[in-house]
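Data file: structure_17.pdb. Format and content: PDB, C-alpha atoms, pLDDT in the B column.
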ATOM      1  CA  MET A 288       9.533 -25.113   3.664  1.00 67.00           C
ATOM      2  CA  PRO A 289       8.524 -21.849   2.000  1.00 80.00           C
ATOM      3  CA  ILE A 290       6.226 -21.819  -0.983  1.00 87.00           C
ATOM      4  CA  ILE A 291       8.601 -19.535  -2.837  1.00 91.00           C
ATOM      5  CA  ARG A 292      12.027 -18.306  -1.832  1.00 93.00           C
ATOM      6  CA  VAL A 293      13.215 -14.707  -1.981  1.00 92.00           C
ATOM      7  CA  LYS A 294      16.015 -15.665  -4.369  1.00 93.00           C
ATOM      8  CA  ASP A 295      13.456 -17.119  -6.777  1.00 94.00           C
ATOM      9  CA  ILE A 296      11.269 -14.023  -6.472  1.00 94.00           C
ATOM     10  CA  ARG A 297      14.186 -11.720  -7.282  1.00 94.00           C
ATOM     11  CA  ASP A 298      15.022 -13.828 -10.340  1.00 94.00           C
ATOM     12  CA  MET A 299      11.468 -13.412 -11.691  1.00 93.00           C
ATOM     13  CA  SER A 300      10.467 -10.661 -14.068  1.00 93.00           C
ATOM     14  CA  PRO A 301       8.059  -8.028 -12.687  1.00 93.00           C
ATOM     15  CA  GLU A 302       5.238  -9.489 -14.803  1.00 95.00           C
ATOM     16  CA  ASP A 303       5.844 -12.976 -13.418  1.00 95.00           C
ATOM     17  CA  ARG A 304       5.865 -11.554  -9.892  1.00 95.00           C
ATOM     18  CA  GLU A 305       2.506  -9.884 -10.451  1.00 96.00           C
ATOM     19  CA  LYS A 306       1.070 -13.116 -11.844  1.00 96.00           C
ATOM     20  CA  LYS A 307       2.380 -15.196  -8.937  1.00 96.00           C
ATOM     21  CA  LEU A 308       1.134 -12.600  -6.452  1.00 96.00           C
ATOM     22  CA  SER A 309      -2.388 -12.699  -7.847  1.00 97.00           C
ATOM     23  CA  GLU A 310      -2.370 -16.526  -7.822  1.00 96.00           C
ATOM     24  CA  LEU A 311      -1.271 -16.660  -4.193  1.00 96.00           C
ATOM     25  CA  GLN A 312      -3.759 -14.000  -3.110  1.00 97.00           C
ATOM     26  CA  THR A 313      -6.575 -15.841  -4.887  1.00 97.00           C
ATOM     27  CA  GLU A 314      -5.677 -19.082  -3.139  1.00 95.00           C
ATOM     28  CA  LEU A 315      -5.435 -17.295   0.208  1.00 96.00           C
ATOM     29  CA  VAL A 316      -8.893 -15.746  -0.217  1.00 96.00           C
ATOM     30  CA  ARG A 317     -10.310 -19.145  -1.189  1.00 95.00           C
ATOM     31  CA  LEU A 318      -8.857 -20.813   1.904  1.00 94.00           C
ATOM     32  CA  LYS A 319     -10.010 -17.998   4.217  1.00 94.00           C
ATOM     33  CA  THR A 320     -13.509 -18.287   2.758  1.00 94.00           C
ATOM     34  CA  MET A 321     -13.546 -22.015   3.439  1.00 93.00           C
ATOM     35  CA  ILE A 322     -12.474 -21.421   7.030  1.00 93.00           C
ATOM     36  CA  LYS A 323     -15.094 -18.697   7.589  1.00 93.00           C
ATOM     37  CA  ALA A 324     -17.804 -20.948   6.149  1.00 93.00           C
ATOM     38  CA  GLY A 325     -17.043 -23.436   8.890  1.00 90.00           C
ATOM     39  CA  GLY A 326     -15.345 -26.033   6.742  1.00 86.00           C
ATOM     40  CA  SER A 327     -12.065 -27.635   7.531  1.00 87.00           C
ATOM     41  CA  ILE A 328      -9.115 -27.412   5.204  1.00 87.00           C
ATOM     42  CA  GLU A 329      -6.561 -30.106   4.547  1.00 90.00           C
ATOM     43  CA  ASN A 330      -3.532 -28.100   5.588  1.00 91.00           C
ATOM     44  CA  PRO A 331      -4.178 -25.190   7.992  1.00 91.00           C
ATOM     45  CA  GLY A 332      -0.495 -24.237   7.905  1.00 93.00           C
ATOM     46  CA  ARG A 333      -0.896 -23.407   4.226  1.00 94.00           C
ATOM     47  CA  VAL A 334      -2.682 -20.159   5.133  1.00 95.00           C
ATOM     48  CA  ARG A 335       0.336 -18.941   7.069  1.00 95.00           C
ATOM     49  CA  GLU A 336       2.714 -19.920   4.281  1.00 96.00           C
ATOM     50  CA  LEU A 337       0.565 -18.116   1.713  1.00 96.00           C
ATOM     51  CA  ARG A 338       0.528 -14.943   3.800  1.00 96.00           C
ATOM     52  CA  LYS A 339       4.300 -15.066   4.135  1.00 96.00           C
ATOM     53  CA  ALA A 340       4.796 -15.695   0.407  1.00 96.00           C
ATOM     54  CA  VAL A 341       2.574 -12.728  -0.463  1.00 96.00           C
ATOM     55  CA  ALA A 342       4.555 -10.556   1.961  1.00 96.00           C
ATOM     56  CA  ARG A 343       7.846 -11.696   0.414  1.00 96.00           C
ATOM     57  CA  ILE A 344       6.701 -10.774  -3.087  1.00 96.00           C
ATOM     58  CA  LEU A 345       5.416  -7.381  -1.946  1.00 96.00           C
ATOM     59  CA  THR A 346       8.681  -6.724  -0.110  1.00 95.00           C
ATOM     60  CA  VAL A 347      10.785  -7.498  -3.174  1.00 94.00           C
ATOM     61  CA  GLN A 348       8.521  -5.307  -5.308  1.00 94.00           C
ATOM     62  CA  SER A 349       8.929  -2.380  -2.936  1.00 94.00           C
ATOM     63  CA  GLU A 350      12.721  -2.802  -3.000  1.00 90.00           C
ATOM     64  CA  GLN A 351      12.821  -2.080  -6.719  1.00 74.00           C
ATOM     65  CA  PRO A 352      13.542   1.651  -7.084  1.00 72.00           C
ATOM     66  CA  LYS A 353      11.163   3.676  -9.207  1.00 65.00           C
ATOM     67  CA  PRO A 354      12.456   6.789 -10.995  1.00 62.00           C
ATOM     68  CA  GLU A 355       9.534   8.951  -9.842  1.00 65.00           C
ATOM     69  CA  THR A 356       9.986   7.832  -6.224  1.00 54.00           C
ATOM     70  CA  LYS A 357      13.526   9.228  -6.096  1.00 55.00           C
ATOM     71  CA  GLU A 358      12.340  12.645  -7.223  1.00 57.00           C
ATOM     72  CA  LYS A 359       9.609  12.733  -4.599  1.00 57.00           C
ATOM     73  CA  THR A 360      12.000  11.957  -1.761  1.00 59.00           C
ATOM     74  CA  LYS A 361      14.264  14.862  -2.736  1.00 63.00           C
ATOM     75  CA  GLU A 362      11.448  17.376  -2.319  1.00 64.00           C
ATOM     76  CA  LYS A 363      10.408  16.543   1.216  1.00 63.00           C
ATOM     77  CA  PRO A 364       8.381  19.319   2.767  1.00 65.00           C
ATOM     78  CA  THR A 365       9.656  20.582   6.071  1.00 70.00           C
ATOM     79  CA  LYS A 366       7.489  20.022   9.093  1.00 68.00           C
ATOM     80  CA  LYS A 367       5.777  23.070  10.446  1.00 68.00           C
ATOM     81  CA  ARG A 368       5.757  23.394  14.183  1.00 64.00           C
ATOM     82  CA  THR A 369       2.448  23.935  15.807  1.00 66.00           C
ATOM     83  CA  GLY A 370       2.158  26.554  18.512  1.00 62.00           C
ATOM     84  CA  LYS A 371       1.798  24.402  21.598  1.00 61.00           C
ATOM     85  CA  LYS A 372       1.251  26.083  24.924  1.00 58.00           C
ATOM     86  CA  THR A 373       4.108  25.968  27.301  1.00 65.00           C
ATOM     87  CA  ARG A 374       3.529  24.746  30.803  1.00 69.00           C
ATOM     88  CA  GLU A 375       3.709  28.291  32.217  1.00 68.00           C
ATOM     89  CA  LYS A 376       1.192  29.614  29.720  1.00 68.00           C
ATOM     90  CA  ALA A 377      -1.167  26.747  30.428  1.00 68.00           C
ATOM     91  CA  GLU A 378      -0.953  27.371  34.183  1.00 72.00           C
ATOM     92  CA  THR A 379      -1.618  31.101  33.850  1.00 71.00           C
ATOM     93  CA  THR A 380      -4.550  30.441  31.546  1.00 70.00           C
ATOM     94  CA  LYS A 381      -5.938  27.946  34.060  1.00 69.00           C
ATOM     95  CA  LYS A 382      -5.591  30.439  36.932  1.00 68.00           C
ATOM     96  CA  GLU A 383      -7.321  33.157  34.935  1.00 72.00           C
ATOM     97  CA  SER A 384     -10.223  30.887  34.072  1.00 73.00           C
ATOM     98  CA  GLU A 385     -10.695  29.925  37.729  1.00 70.00           C
ATOM     99  CA  GLU A 386     -11.018  33.574  38.804  1.00 63.00           C
TER     100      GLU A 386
END

As structure tokens, the full file:
Amino acid sequence: MPIIRVKDIRDMSPEDREKKLSELQTELVRLKTMIKAGGSIENPGRVRELRKAVARILTVQSEQPKPETKEKTKEKPTKKRTGKKTREKAETTKKESEE
């Protein structure tokens, strides 16, 4: 059973999402520290659930469109092609260097 469902995350306000995200990340760091220190934790599956819950919140946050993001995507720079040697050019260059 998930710690928090996507439907619940979407119903939250952005401030509540940030608060919940920081709580979950804090708990995750605490559990990871306990594991690294050599201690055993009560529920090892909790770490996996926390990671998934954090990912869910981050996913929902990235789905929310930002006005400045839309403007940036409109002005995509075109890719410049680099001058790669063709196979023939490479072979002639190789022959010349051997001589």

**Asked** Which residues fall under the PyMOL selection byres ((chain A and resi 341) around 9) in this file, as a list in words?
**Response**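 With the PyMOL selection byres ((chain A and resi 341) around 9) on this model, the match is Lys307, Leu308, Ser309, Leu311, Gln312, Glu336, Leu337, Arg338, Lys339, Ala340, Ala342, Arg343, Ile344, Leu345 and Thr346 of chain A.
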
**Asked** In Å, with one decimal, what is the gap from CA of Ile291 (chain A) to CA of Ser349 (chain A)?
**Response**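 Distance between the two atoms: 17.2 Å.
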
**Prompt:** Do you have the CA of Arg292 (chain A)-CA of Arg317 (chain A) distance handy?
**Reply:**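 The value is 22.4 Å.
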
**Message:** Rounded to one decimal, what separation in Å do you get between CA of Asp303 (chain A) and CA of Gln348 (chain A)?
**Reply:**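 Result for CA of Asp303 (chain A) versus CA of Gln348 (chain A): 11.5 Å, one decimal.
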